[in-house]
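Engineer: Below you will find the structure I want to go over with you.
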Amino acid sequence: MKLVLIGIQGAGKSTQGNLLSKQLDIPYLSTGHIFREIAKEKTSLGRYVKELMSAGSLIPDEKVIEIVNSYISKPGYSKGYILDGFPRTTQQAKKFKNHVDKVVHIHIPDKEALWRLAYRNEERDDDTIDAIKKRIEIFKKHTHPVLEYYKKQKKLISIDGMHSIEEVNQEILKSLGKQIVKDEVRAWEPKENTI
Ligand code: AMP
């Protein structure tokens, strides 16, 4: 299965992505994670990426596409993947060479994203309030059209992210036609009515 997770920061994409990766046995790939690693490098690309990320700006499409395509062509990704943070612009969606089966949009209100950020355990250099606000603005401007793009292709699934991790996970699995029964992923079947 080739999945894309979309949502503003704090929506729970990486939590859900890692869970789904274990449950469906397919690799999880976060472009944010890749760029945070590149930003640590003492190279001109590293410094450039760090500067853009700290400001909450997007990395140029060409660079992102080049990096994602090179990762996805590795053997581990042939049977499927879960992409987190890509594509973020319609240009990236159109230039992505590989297939996408379903796009899961986990949505939470902007205020909730800022609230969750304040209680986040993991420290990130680009987690300033200004950078987060900028990312939310960019999401509306550049990523909403990506949702429309996949909606037209009938690949978009909308999930309410304002529930517990388990509930959101179950909703996603259900929308993919799957469920967990005794720790195993199975095809989703409605529960029989009990009187
Ligand atoms: P994330 O962890 O997904 O919130 O990404 C953190 C930062 O990495 C973003 O604010 C961007 O600077 C950069 N980034 C990650 N994915 C992309 C992408 N698909 N296109 C452009 N920039 C990206």
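In the structure tokens, chains take letters A, B, ... by order of appearance, with residues numbered from 1 within each chain and ligands from 1 in the order shown.
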Give me the residues near His33 (chain A) as a short mmCIF file (atom, residue, chain, number, x, y, z; two decimals) with N, CA, C and O atoms, in the first residue's frame, where near means some atom within 10 Å (using only C-alpha atoms) and where sequence neighbours in that chain fewer than 5 positions away do not count.

Structural biologist:
data_model
loop_
_atom_site.label_atom_id
_atom_site.label_comp_id
_atom_site.auth_asym_id
_atom_site.auth_seq_id
_atom_site.Cartn_x
_atom_site.Cartn_y
_atom_site.Cartn_z
N SER A 14 3.27 11.76 12.47
CA SER A 14 4.39 10.86 12.70
C SER A 14 3.98 9.73 13.66
O SER A 14 4.39 8.57 13.46
N ILE A 38 19.69 16.60 7.19
CA ILE A 38 20.52 17.37 6.24
C ILE A 38 20.94 18.70 6.90
O ILE A 38 22.08 19.16 6.74
N ALA A 39 20.03 19.30 7.67
CA ALA A 39 20.31 20.60 8.31
C ALA A 39 21.45 20.52 9.33
O ALA A 39 22.06 21.53 9.67
N ASP A 84 5.19 10.95 4.98
CA ASP A 84 4.72 11.99 5.90
C ASP A 84 5.41 13.29 5.50
O ASP A 84 6.64 13.37 5.48
N GLY A 85 4.62 14.30 5.17
CA GLY A 85 5.19 15.62 4.85
C GLY A 85 5.46 15.83 3.38
O GLY A 85 6.01 16.86 3.00
#

Engineer: Give me the residues near Leu176 (chain A) as a ChimeraX atom specification, where near means some atom within 10 Å (using only C-alpha atoms) and where sequence neighbours in that chain fewer than 4 positions away do not count.

Structural biologist: /A:1,3,101-102,104,157,170-172,187-188

Engineer: Export, as a JSON list (two decimals), in the first residue's frame, the selected residues with N, CA and C atoms.

Structural biologist:
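Output saved as again03.json:
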[["chain", "number", "residue", "atom", "x", "y", "z"],
["A", 1, "MET", "N", 0.83, -1.19, 0.00],
["A", 1, "MET", "CA", 0.00, 0.00, 0.00],
["A", 1, "MET", "C", 0.88, 1.26, 0.00],
["A", 3, "LEU", "N", 0.85, 5.05, 0.78],
["A", 3, "LEU", "CA", 0.03, 6.03, 1.50],
["A", 3, "LEU", "C", 0.74, 7.35, 1.67],
["A", 101, "ASP", "N", -1.77, 5.34, -3.47],
["A", 101, "ASP", "CA", -3.08, 4.70, -3.41],
["A", 101, "ASP", "C", -4.09, 5.56, -2.67],
["A", 102, "LYS", "N", -3.70, 6.00, -1.47],
["A", 102, "LYS", "CA", -4.61, 6.78, -0.64],
["A", 102, "LYS", "C", -3.87, 7.92, 0.05],
["A", 104, "VAL", "N", -4.27, 10.32, 3.34],
["A", 104, "VAL", "CA", -5.01, 10.48, 4.59],
["A", 104, "VAL", "C", -4.76, 11.88, 5.14],
["A", 157, "ILE", "N", -8.86, 10.73, 1.96],
["A", 157, "ILE", "CA", -9.61, 10.27, 3.14],
["A", 157, "ILE", "C", -9.43, 11.34, 4.21],
["A", 170, "GLN", "N", -7.60, 3.57, 14.50],
["A", 170, "GLN", "CA", -8.67, 2.66, 14.05],
["A", 170, "GLN", "C", -9.46, 3.26, 12.89],
["A", 171, "GLU", "N", -9.70, 4.57, 12.97],
["A", 171, "GLU", "CA", -10.43, 5.25, 11.90],
["A", 171, "GLU", "C", -9.66, 5.17, 10.58],
["A", 172, "ILE", "N", -8.34, 5.38, 10.67],
["A", 172, "ILE", "CA", -7.53, 5.32, 9.44],
["A", 172, "ILE", "C", -7.58, 3.90, 8.87],
["A", 187, "ALA", "N", -9.10, -7.61, 7.26],
["A", 187, "ALA", "CA", -10.05, -6.82, 6.46],
["A", 187, "ALA", "C", -11.14, -6.32, 7.38],
["A", 188, "TRP", "N", -11.59, -5.08, 7.14],
["A", 188, "TRP", "CA", -12.61, -4.51, 8.02],
["A", 188, "TRP", "C", -13.98, -5.11, 7.73]]

Engineer: Can you tell me which residues come within 6 Å of ligand 1 when counting only C-alpha atoms and all ligand atoms, ideally as an MDAnalysis selection string?

Structural biologist: chainID A and resid 9 31:33 35 52:53 56:59 64 85:88

Engineer: Skipping near chain neighbours, those fewer than 5 positions away, what residues fall within 12 Å of Pro190 (chain A) using only C-alpha atoms, listed as a PyMOL selection string?

Structural biologist: chain A and resi 174+177-179

Engineer: Hey, can you spit out that residue selection with N, CA, C and O atoms as a short mmCIF file (atom, residue, chain, number, x, y, z; two decimals), in the first residue's frame?

Structural biologist:
data_model
loop_
_atom_site.label_atom_id
_atom_site.label_comp_id
_atom_site.auth_asym_id
_atom_site.auth_seq_id
_atom_site.Cartn_x
_atom_site.Cartn_y
_atom_site.Cartn_z
N LYS A 174 -9.79 1.63 9.28
CA LYS A 174 -11.14 1.34 8.77
C LYS A 174 -11.32 1.96 7.38
O LYS A 174 -11.86 1.32 6.47
N GLY A 177 -10.04 -0.02 4.80
CA GLY A 177 -10.67 -1.34 4.69
C GLY A 177 -10.02 -2.38 5.59
O GLY A 177 -10.07 -3.57 5.32
N LYS A 178 -9.39 -1.90 6.71
CA LYS A 178 -8.71 -2.84 7.60
C LYS A 178 -9.10 -2.60 9.05
O LYS A 178 -9.62 -1.53 9.38
N GLN A 179 -8.83 -3.56 9.89
CA GLN A 179 -9.05 -3.40 11.32
C GLN A 179 -8.06 -4.29 12.06
O GLN A 179 -7.50 -5.23 11.50
#

Engineer: Rank A:Asn69, A:Ser54, A:Thr89, A:Thr15 by their smallest atom-to-atom distance to Lys140 (chain A), using only C-alpha atoms, and report the top residue only.

Structural biologist: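 Ranking A:Asn69, A:Ser54, A:Thr89, A:Thr15 by distance to Lys140 (chain A), first place goes to A:Thr89.
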
Engineer: Excluding same-chain residues fewer than 6 positions from Leu147 (chain A), what lies within 9 Å of it counting only C-alpha atoms, as a ChimeraX atom specification?

Structural biologist: /A:6,90,103,105,156

Engineer: At a cut-off of 9 Å, using only C-alpha atoms, what residues contact Gln23 (chain A)? Leave out same-chain residues fewer than 2 positions from it and give the result as a PDB file with C-alpha atoms, in the first residue's frame.

Structural biologist:
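Generated file (around.pdb):
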ATOM      1  CA  ASN A  18       4.945   4.916  12.752  1.00  0.00           C
ATOM      2  CA  LEU A  19       1.995   2.885  14.032  1.00  0.00           C
ATOM      3  CA  LEU A  20       0.720   2.150  10.514  1.00  0.00           C
ATOM      4  CA  SER A  21       4.227   1.258   9.400  1.00  0.00           C
ATOM      5  CA  ASP A  25       4.683  -3.721   7.550  1.00  0.00           C
ATOM      6  CA  ILE A  26       5.696  -0.993   5.117  1.00  0.00           C
ATOM      7  CA  ILE A 180      -6.981  -4.808  14.178  1.00  0.00           C
ATOM      8  CA  ASP A 183      -3.117  -7.595  17.394  1.00  0.00           C
ATOM      9  CA  GLU A 184      -3.508  -8.647  13.767  1.00  0.00           C
ATOM     10  CA  VAL A 185      -4.463  -6.487  10.795  1.00  0.00           C
TER      11      VAL A 185
END
